[in-house]
>>> print(open('work.cif').read())   # mmCIF, C-alpha atoms
data_protein
loop_
_atom_site.label_atom_id
_atom_site.label_comp_id
_atom_site.auth_asym_id
_atom_site.auth_seq_id
_atom_site.Cartn_x
_atom_site.Cartn_y
_atom_site.Cartn_z
CA MET A 136 -45.81 -15.74 39.62
CA ASP A 137 -48.39 -13.46 41.21
CA SER A 138 -50.95 -12.65 38.58
CA GLY A 139 -54.64 -12.35 37.94
CA GLU A 140 -56.73 -13.03 34.90
CA THR A 141 -58.55 -9.73 35.24
CA THR A 142 -55.65 -7.41 36.03
CA MET A 143 -52.98 -9.20 33.97
CA THR A 144 -50.17 -7.91 36.16
CA PHE A 145 -47.09 -9.83 37.19
CA THR A 146 -44.87 -9.00 40.14
CA GLY A 147 -41.27 -9.86 40.87
CA LYS A 148 -37.77 -8.40 41.04
CA GLN A 149 -35.69 -6.42 38.55
CA LEU A 150 -32.02 -5.49 38.69
CA THR A 151 -31.08 -1.88 37.93
CA THR A 152 -27.75 -0.10 37.66
CA GLN A 153 -27.53 3.61 38.46
CA LEU A 154 -24.60 6.01 38.18
CA ASP A 155 -24.86 9.28 40.08
CA ALA A 156 -22.99 12.50 39.35
CA ASP A 157 -20.66 11.96 42.32
CA GLY A 158 -19.41 8.68 40.84
CA THR A 159 -21.50 6.37 43.01
CA LEU A 160 -22.61 3.28 41.09
CA THR A 161 -25.49 1.33 42.64
CA LEU A 162 -26.70 -2.07 41.48
CA GLN A 163 -29.75 -3.36 43.30
CA LEU A 164 -32.78 -5.59 43.04
CA ASN A 165 -36.08 -3.72 43.13
CA ASP A 166 -39.69 -4.84 43.40
CA LYS A 167 -41.47 -4.41 40.08
CA THR A 168 -44.88 -4.94 38.54
CA TRP A 169 -45.26 -5.76 34.86
CA ASP A 170 -48.44 -4.97 32.96
CA ALA A 171 -49.73 -6.93 29.98
CA PRO A 172 -47.52 -6.47 26.91
CA LYS A 173 -48.47 -4.20 24.03
CA ALA A 174 -49.13 -5.20 20.43
CA GLY A 175 -46.13 -6.99 18.92
CA GLN A 176 -44.69 -7.77 22.35
CA VAL A 177 -44.60 -10.70 24.73
CA LEU A 178 -43.95 -11.00 28.44
CA ILE A 179 -41.70 -13.87 29.44
CA LYS A 180 -41.02 -15.52 32.75
CA VAL A 181 -37.23 -15.38 32.58
CA GLU A 182 -35.71 -18.84 33.01
CA ALA A 183 -32.09 -18.18 32.07
CA THR A 184 -30.00 -15.19 30.98
CA PRO A 185 -26.23 -15.05 30.41
CA ILE A 186 -23.83 -12.37 31.60
CA ASN A 187 -22.14 -11.24 28.39
CA PRO A 188 -19.31 -8.70 28.06
CA SER A 189 -21.85 -6.31 26.51
CA ASP A 190 -23.87 -6.56 29.73
CA LEU A 191 -20.87 -5.85 31.94
CA GLY A 192 -20.29 -2.52 30.23
CA LEU A 193 -23.66 -1.29 31.48
CA LEU A 194 -23.58 -3.07 34.83
CA PHE A 195 -20.14 -1.99 36.02
CA ALA A 196 -18.17 -0.18 33.28
CA SER A 197 -14.85 0.64 35.01
CA ALA A 198 -16.20 0.82 38.58
CA ASP A 199 -14.01 -0.41 41.44
CA THR A 200 -15.82 -3.63 42.29
CA ASP A 201 -12.98 -4.98 44.46
CA ASN A 202 -13.58 -2.28 47.06
CA ALA A 203 -17.33 -1.98 46.65
CA GLU A 204 -19.87 -2.38 49.46
CA TYR A 205 -21.78 -5.64 49.14
CA THR A 206 -25.06 -6.24 50.96
CA PRO A 207 -27.82 -8.73 50.05
CA GLY A 208 -29.33 -7.68 46.73
CA LYS A 209 -27.20 -4.53 46.45
CA ILE A 210 -23.74 -3.32 45.40
CA VAL A 211 -22.41 0.22 45.87
CA ALA A 212 -19.16 1.01 44.05
CA LYS A 213 -17.20 4.05 42.91
CA MET A 214 -16.63 4.99 39.29
CA PRO A 215 -13.44 6.82 38.23
CA ASP A 216 -13.93 10.56 37.70
CA ASN A 217 -13.18 10.45 33.96
CA ALA A 218 -15.68 7.63 33.40
CA THR A 219 -18.30 9.41 35.50
CA ARG A 220 -17.94 12.53 33.38
CA ALA A 221 -18.04 10.54 30.14
CA MET A 222 -21.33 8.90 31.20
CA LYS A 223 -23.11 12.12 32.15
CA ALA A 224 -26.15 11.11 30.08
CA ARG A 225 -26.93 8.23 32.44
CA HIS A 226 -26.54 10.12 35.72
CA GLY A 227 -29.43 9.42 38.08
CA LEU A 228 -31.07 6.84 35.82
CA ALA A 229 -31.95 3.43 37.30
CA MET A 230 -31.29 1.37 34.18
CA PRO A 231 -32.34 -2.28 33.73
CA ALA A 232 -29.83 -4.67 32.20
CA GLY A 233 -29.52 -8.13 30.66
CA ASN A 234 -29.45 -8.23 26.89
CA GLU A 235 -30.72 -11.71 26.09
CA ALA A 236 -32.72 -14.47 27.73
CA ALA A 237 -34.78 -17.60 27.38
CA GLY A 238 -38.16 -17.87 29.01
CA ILE A 239 -41.77 -18.97 28.82
CA VAL A 240 -44.26 -16.53 27.30
CA VAL A 241 -46.89 -15.83 29.98
CA ALA A 242 -48.69 -12.98 28.22
CA ALA A 243 -48.84 -11.88 24.61
CA GLY A 244 -49.90 -8.66 22.94
CA GLU A 245 -51.90 -8.39 19.75
CA GLY A 246 -50.23 -10.27 16.92
CA ALA A 247 -48.09 -12.38 19.23
CA GLU A 248 -50.74 -14.72 20.61
CA HIS A 249 -49.19 -17.69 18.78
CA LEU A 250 -46.21 -17.53 21.17
CA LEU A 251 -48.24 -17.86 24.36
CA GLY A 252 -46.97 -20.73 26.49
CA LYS A 253 -43.89 -21.30 24.32
CA ARG A 254 -40.25 -21.04 25.31
CA ILE A 255 -38.53 -18.31 23.35
CA ALA A 256 -35.09 -16.84 22.94
CA CYS A 257 -35.16 -13.06 22.90
CA VAL A 258 -33.28 -9.81 23.41
CA PRO A 259 -35.32 -7.75 25.88
CA GLY A 260 -32.43 -5.72 27.28
CA THR A 261 -34.03 -6.09 30.73
CA ALA A 262 -33.45 -9.79 31.33
CA TYR A 263 -31.96 -9.64 34.85
CA ALA A 264 -35.43 -9.87 36.31
CA THR A 265 -38.25 -12.24 37.15
CA TYR A 266 -40.08 -11.20 33.98
CA ALA A 267 -39.15 -9.28 30.85
CA VAL A 268 -40.95 -7.70 27.89
CA ALA A 269 -39.59 -8.54 24.43
CA ASP A 270 -40.46 -7.39 20.93
CA THR A 271 -41.40 -10.31 18.73
CA GLN A 272 -39.04 -9.02 16.01
CA MET A 273 -36.17 -9.76 18.40
CA ALA A 274 -37.45 -13.15 19.53
CA PHE A 275 -38.05 -16.63 18.22
CA ALA A 276 -39.62 -19.79 19.58
CA VAL A 277 -37.35 -22.77 20.20
CA ASP A 278 -38.12 -26.46 19.81
CA ASP A 279 -39.60 -28.33 22.75
CA SER A 280 -36.38 -30.33 23.05
CA VAL A 281 -34.30 -27.17 23.65
CA THR A 282 -33.69 -26.33 27.31
CA ALA A 283 -33.70 -22.84 28.76
CA GLU A 284 -29.96 -23.07 29.34
CA GLN A 285 -29.35 -23.98 25.70
CA ALA A 286 -31.63 -21.22 24.45
CA ALA A 287 -30.37 -18.48 26.81
CA SER A 288 -27.34 -17.61 24.69
CA SER A 289 -28.87 -18.41 21.31
CA PHE A 290 -29.20 -14.85 20.12
CA VAL A 291 -26.37 -12.41 20.79
CA ASN A 292 -23.26 -14.53 20.23
CA PRO A 293 -24.59 -16.83 17.46
CA MET A 294 -26.23 -14.00 15.52
CA THR A 295 -23.14 -11.81 15.97
CA ALA A 296 -20.79 -14.52 14.70
CA LEU A 297 -23.04 -15.14 11.69
CA GLY A 298 -23.35 -11.38 11.28
CA PHE A 299 -19.58 -11.08 10.88
CA VAL A 300 -19.67 -13.57 8.02
CA GLU A 301 -22.62 -11.81 6.39
CA THR A 302 -20.87 -8.45 6.77
CA MET A 303 -17.76 -9.88 5.14
CA LYS A 304 -19.80 -11.05 2.17
CA MET A 305 -21.87 -7.87 1.87
CA GLU A 306 -18.73 -5.72 1.79
CA GLY A 307 -16.85 -7.82 -0.73
CA PHE A 308 -14.21 -9.40 1.52
CA THR A 309 -13.26 -13.08 1.56
CA GLY A 310 -11.49 -13.69 4.89
CA ILE A 311 -11.70 -12.53 8.51
CA VAL A 312 -9.28 -11.59 11.30
CA HIS A 313 -10.75 -11.87 14.80
CA ALA A 314 -9.33 -10.68 18.13
CA ALA A 315 -10.01 -12.24 21.55
CA ALA A 316 -10.88 -15.25 19.44
CA ALA A 317 -11.03 -17.85 22.22
CA SER A 318 -14.28 -16.36 23.53
CA ASN A 319 -17.56 -18.22 23.33
CA LEU A 320 -18.39 -16.13 20.26
CA GLY A 321 -14.92 -16.74 18.81
CA GLN A 322 -15.32 -20.49 19.09
CA MET A 323 -18.62 -20.25 17.23
CA LEU A 324 -16.94 -18.21 14.50
CA VAL A 325 -14.24 -20.89 14.12
CA LYS A 326 -16.91 -23.53 13.55
CA ILE A 327 -18.91 -21.37 11.14
CA CYS A 328 -15.85 -20.56 9.04
CA GLN A 329 -14.86 -24.24 8.94
CA GLU A 330 -18.35 -25.20 7.76
CA ASP A 331 -18.45 -22.44 5.14
CA GLY A 332 -14.84 -22.66 3.93
CA ILE A 333 -14.00 -19.10 4.99
CA PRO A 334 -10.36 -18.27 5.84
CA LEU A 335 -10.11 -17.10 9.46
CA VAL A 336 -7.15 -15.69 11.38
CA ASN A 337 -7.66 -16.01 15.13
CA VAL A 338 -5.77 -13.77 17.56
CA VAL A 339 -5.60 -14.74 21.25
CA ARG A 340 -3.52 -13.89 24.34
CA SER A 341 -2.17 -17.20 25.67
CA ASP A 342 -0.79 -20.56 24.61
CA ALA A 343 -3.74 -22.24 26.35
CA GLN A 344 -6.11 -20.31 24.10
CA VAL A 345 -4.05 -21.27 21.06
CA LYS A 346 -4.47 -24.92 22.01
CA LEU A 347 -8.19 -24.47 22.63
CA LEU A 348 -8.82 -23.19 19.10
CA LYS A 349 -6.35 -25.58 17.48
CA ASP A 350 -8.25 -28.44 19.13
CA LEU A 351 -11.41 -27.09 17.47
CA GLY A 352 -9.65 -27.38 14.11
CA ALA A 353 -8.66 -23.74 13.59
CA THR A 354 -5.79 -23.34 11.11
CA HIS A 355 -4.44 -19.88 11.96
CA VAL A 356 -4.21 -19.11 15.68
CA LEU A 357 -1.73 -16.46 16.83
CA ASN A 358 -0.69 -15.47 20.34
CA MET A 359 -0.44 -11.67 20.38
CA THR A 360 1.98 -11.80 23.34
CA ASP A 361 4.61 -13.67 21.28
CA ALA A 362 7.68 -11.69 20.18
CA ASP A 363 7.09 -12.65 16.54
CA TYR A 364 3.35 -11.95 16.57
CA MET A 365 3.35 -9.21 13.93
CA PRO A 366 5.41 -11.12 11.31
CA LYS A 367 3.16 -14.13 11.84
CA LEU A 368 0.05 -11.97 11.54
CA ILE A 369 1.30 -10.49 8.27
CA ASP A 370 2.05 -13.98 6.92
CA ALA A 371 -1.38 -15.29 7.95
CA ILE A 372 -3.19 -12.37 6.32
CA ALA A 373 -1.09 -12.69 3.17
CA GLU A 374 -2.03 -16.38 2.96
CA THR A 375 -5.73 -15.99 3.75
CA LYS A 376 -6.39 -12.58 2.11
CA ALA A 377 -8.31 -11.72 5.30
CA MET A 378 -8.80 -7.97 4.90
CA ILE A 379 -11.68 -7.42 7.31
CA GLY A 380 -11.17 -7.62 11.05
CA PHE A 381 -13.43 -7.67 14.10
CA ASP A 382 -12.09 -6.39 17.40
CA PRO A 383 -13.98 -6.73 20.72
CA ILE A 384 -11.12 -5.20 22.71
CA GLY A 385 -11.56 -1.65 21.43
CA GLY A 386 -8.91 0.12 23.48
CA GLY A 387 -5.21 -0.04 22.71
CA THR A 388 -3.54 -0.89 19.42
CA VAL A 389 -5.25 -4.11 18.28
CA ALA A 390 -7.18 -2.47 15.42
CA SER A 391 -4.05 -0.57 14.39
CA GLN A 392 -2.01 -3.79 14.34
CA PHE A 393 -4.64 -5.46 12.17
CA LEU A 394 -4.62 -2.62 9.65
CA THR A 395 -0.81 -2.46 9.66
CA ALA A 396 -0.55 -6.20 8.99
CA MET A 397 -3.19 -5.99 6.26
CA GLU A 398 -1.24 -3.17 4.61
CA ALA A 399 2.03 -5.12 4.78
CA ALA A 400 0.37 -8.23 3.35
CA ALA A 401 -1.32 -6.29 0.54
CA SER A 402 1.91 -4.49 -0.36
CA ARG A 403 4.04 -7.60 -0.78
CA GLY A 404 5.61 -7.59 -4.21
CA ALA A 405 3.96 -4.32 -5.18
CA ALA A 406 5.72 -1.15 -6.28
CA PHE A 407 6.20 1.45 -3.56
CA SER A 408 3.45 4.01 -3.15
CA ARG A 409 3.51 6.77 -0.58
CA TYR A 410 -0.26 6.35 -0.29
CA GLY A 411 -0.01 2.65 0.52
CA SER A 412 -1.83 -0.27 -1.05
CA SER A 413 -5.07 0.41 -2.91
CA GLU A 414 -6.62 -2.82 -1.57
CA ALA A 415 -9.56 -2.24 0.78
CA LYS A 416 -8.82 -2.90 4.46
CA LYS A 417 -11.33 -2.59 7.27
CA VAL A 418 -11.61 -3.22 11.00
CA TYR A 419 -14.82 -3.13 13.01
CA ILE A 420 -14.73 -2.55 16.77
CA TYR A 421 -17.63 -4.39 18.39
CA GLY A 422 -16.76 -4.30 22.08
CA ALA A 423 -14.82 -2.59 24.85
CA LEU A 424 -12.87 -5.22 26.76
CA ASP A 425 -10.25 -2.47 27.07
CA LEU A 426 -11.94 0.76 28.12
CA GLY A 427 -8.92 2.90 27.18
CA PRO A 428 -8.56 4.97 24.00
CA THR A 429 -8.25 3.33 20.60
CA ILE A 430 -4.72 4.08 19.35
CA LEU A 431 -3.93 4.19 15.64
CA ASN A 432 -0.29 4.19 14.57
CA ARG A 433 -0.71 5.29 10.97
CA ALA A 434 1.40 2.71 9.15
CA PHE A 435 -1.30 1.49 6.76
CA GLY A 436 -1.61 3.98 3.93
CA LEU A 437 -4.88 5.70 3.12
CA THR A 438 -7.15 2.92 1.83
CA TRP A 439 -8.66 1.73 5.08
CA ASP A 440 -11.75 1.99 7.24
CA LEU A 441 -12.38 1.74 10.97
CA GLY A 442 -15.94 1.47 12.19
CA GLY A 443 -18.23 0.22 14.91
CA TRP A 444 -20.36 -2.92 14.64
CA LEU A 445 -23.52 -3.65 16.62
CA LEU A 446 -25.94 -6.51 16.09
CA THR A 447 -29.26 -4.65 16.00
CA PRO A 448 -28.28 -2.06 13.35
CA PHE A 449 -26.70 -4.85 11.30
CA MET A 450 -29.94 -6.86 11.38
CA MET A 451 -31.91 -3.81 10.25
CA LYS A 452 -29.49 -3.25 7.40
CA ALA A 453 -29.32 -6.92 6.37
CA GLY A 454 -33.09 -7.26 6.14
CA PRO A 455 -35.60 -9.98 7.07
CA GLU A 456 -34.49 -12.54 4.49
CA VAL A 457 -30.88 -12.62 5.69
CA VAL A 458 -31.87 -12.45 9.36
CA GLY A 459 -34.40 -15.23 8.87
CA ARG A 460 -31.74 -17.43 7.31
CA MET A 461 -29.38 -16.70 10.20
CA ARG A 462 -32.02 -17.55 12.81
CA ALA A 463 -32.86 -20.81 11.09
CA ARG A 464 -29.20 -21.82 11.11
CA VAL A 465 -28.88 -21.02 14.81
CA MET A 466 -31.90 -23.15 15.65
CA LYS A 467 -30.67 -26.03 13.50
CA ASP A 468 -27.23 -26.10 15.12
CA LEU A 469 -28.01 -24.78 18.59
CA THR A 470 -26.56 -27.79 20.41
CA THR A 471 -23.46 -28.08 18.20
CA THR A 472 -21.98 -25.05 16.41
CA PHE A 473 -23.78 -22.55 18.63
CA ALA A 474 -23.63 -24.33 21.98
CA SER A 475 -22.65 -22.19 24.97
CA HIS A 476 -20.93 -23.32 28.14
CA TYR A 477 -21.05 -21.80 31.61
CA LYS A 478 -18.78 -21.91 34.62
CA ALA A 479 -21.60 -21.39 37.10
CA HIS A 480 -25.30 -20.70 37.56
CA VAL A 481 -26.40 -17.94 39.94
CA THR A 482 -29.68 -16.44 41.06
CA LEU A 483 -30.44 -12.73 40.76
CA GLU A 484 -29.30 -12.34 44.36
CA GLY A 485 -26.27 -14.54 43.72
CA MET A 486 -25.00 -12.41 40.83
CA LEU A 487 -24.64 -9.49 43.28
CA THR A 488 -22.24 -11.26 45.64
CA LYS A 489 -18.58 -10.26 45.76
CA GLU A 490 -17.46 -13.80 44.92
CA ALA A 491 -19.55 -13.95 41.75
CA VAL A 492 -18.71 -10.43 40.59
CA SER A 493 -14.97 -11.03 41.02
CA GLU A 494 -15.22 -13.99 38.66
CA TYR A 495 -17.63 -12.97 35.91
CA ASN A 496 -16.49 -9.34 35.76
CA ALA A 497 -12.90 -10.51 35.15
CA ARG A 498 -14.12 -11.55 31.67
CA ARG A 499 -11.84 -14.56 31.48
CA THR A 500 -12.27 -17.17 28.76
CA GLY A 501 -14.36 -20.12 29.93
CA GLU A 502 -15.79 -18.32 32.99
CA LYS A 503 -19.16 -17.19 31.67
CA TYR A 504 -22.03 -17.08 34.17
CA LEU A 505 -25.70 -17.93 33.65
CA VAL A 506 -28.36 -16.21 35.75
CA THR A 507 -31.46 -18.25 36.65
CA PRO A 508 -34.00 -15.82 38.14
CA GLN A 509 -36.55 -18.48 39.09
CA ALA A 510 -34.12 -20.59 41.15
#
>>> encode(input="work.cif", output="structure tokens")
Amino acid sequence: MDSGETTMTFTGKQLTTQLDADGTLTLQLNDKTWDAPKAGQVLIKVEATPINPSDLGLLFASADTDNAEYTPGKIVAKMPDNATRAMKARHGLAMPAGNEAAGIVVAAGEGAEHLLGKRIACVPGTAYATYAVADTQMAFAVDDSVTAEQAASSFVNPMTALGFVETMKMEGFTGIVHAAAASNLGQMLVKICQEDGIPLVNVVRSDAQVKLLKDLGATHVLNMTDADYMPKLIDAIAETKAMIGFDPIGGGTVASQFLTAMEAAASRGAAFSRYGSSEAKKVYIYGALDLGPTILNRAFGLTWDLGGWLLTPFMMKAGPEVVGRMRARVMKDLTTTFASHYKAHVTLEGMLTKEAVSEYNARRTGEKYLVTPQA
């Protein structure tokens, strides 16, 4: 850290991602100076920050990283024409990235002085850097026994998994269907639903992922590549009454399959209606693992909803009491229910190597990377 008591500035490196109008995508490390934080903010020395799927959407989107130009601290890739046009609003902008982090508070604005010197978990949105500014409303101090690695992923995935359960309750549903369920977040959701007695239908893409969740104690785990996937999904939803789904894939027909199975389960034994079942059915899309269009094959009547789900708007809607309860649960069970695991640790420079990008940008289960900017 280069800093002075009188100037209160901190210098280091920050990663930015920039898409130009010609489709050139540039990721690079830049020198940066941070000033003292404003009221209600803190400045952290970033110790650890994960690379989540939500980060990859901003970092690379659908750029051709296999054929990109890699030099120390810099990547230059090409974005497909359709994606370049769709992202016109970000043309020419050098955007910081890195949703969440753990770090030591080195400077605190008015009202945040109590956090000075403490390790916090936070969501700065600029975490791929030596330092980052975070709002105290999106941060909390962790116990002295909690390491930076343990705290680094203690916000987005744990709060999202708990947010799904809270959303289910707030909207009057009693069971959940979850796609790409072998993810780090999905494993947390399995544990939460076990603890809370909530029926959960897990949908994955391989037999290995089925075994992974079964070993965690999950009851309903379905492989969507199986020939009998849809009949099994209908049976599982009929048994669990899981009429709200969460889909991080986004593109393709996953949401449509969920709604179709919900409709079939709700209609069992009921008289025929050309309008379908009157039972509420809903799917939230909360990610874009598939960047293609969302396809709806309308085989689920007219009583259904499809929406988008994002953590920050949910927290604002849920209110401080609910969010406070969620945070307390995360802290209590950070090393058990909400523990995260990483395939590798990389520095800021290391995350921009072709070897690292080829692994973490593949978004495979169990291959999550942790960035350690101070290493």
>>> closest_residue(input="work.cif", among="A:Ala212, A:Val338, A:Leu150, A:Val181", to="Lys489 (chain A)", atoms="all atoms listed in the file")
A:Ala212
>>> atom_distance(input="work.cif", atom1="CA of Leu483 (chain A)", atom2="CA of Ile179 (chain A)")
16.0 Å
>>> axis_aligned_box(input="work.cif", around="region 466-470 of chain A", padding_each_side="5 Å", output="AutoDock Vina command-line options")
--center_x -29.2 --center_y -25.5 --center_z 17.0 --size_x 15.3 --size_y 14.6 --size_z 16.9
>>> residues_near_point(input="work.cif", point="(-11.9, -23.6, 14.2)", cutoff="10 Å", atoms="only C-alpha atoms", output="list in words")
Ala316, Ala317, Gly321, Gln322, Met323, Leu324, Val325, Lys326, Ile327, Cys328, Gln329, Glu330, Leu335, Val336, Asn337, Leu347, Leu348, Lys349, Asp350, Leu351, Gly352, Ala353, Thr354, His355 and Val356 of chain A
>>> resolve_selection(input="work.cif", expression="the PyMOL selection byres ((chain A and resi 175) around 12)", output="PyMOL selection string")
chain A and resi 171-174+176-178+242-250+268-274
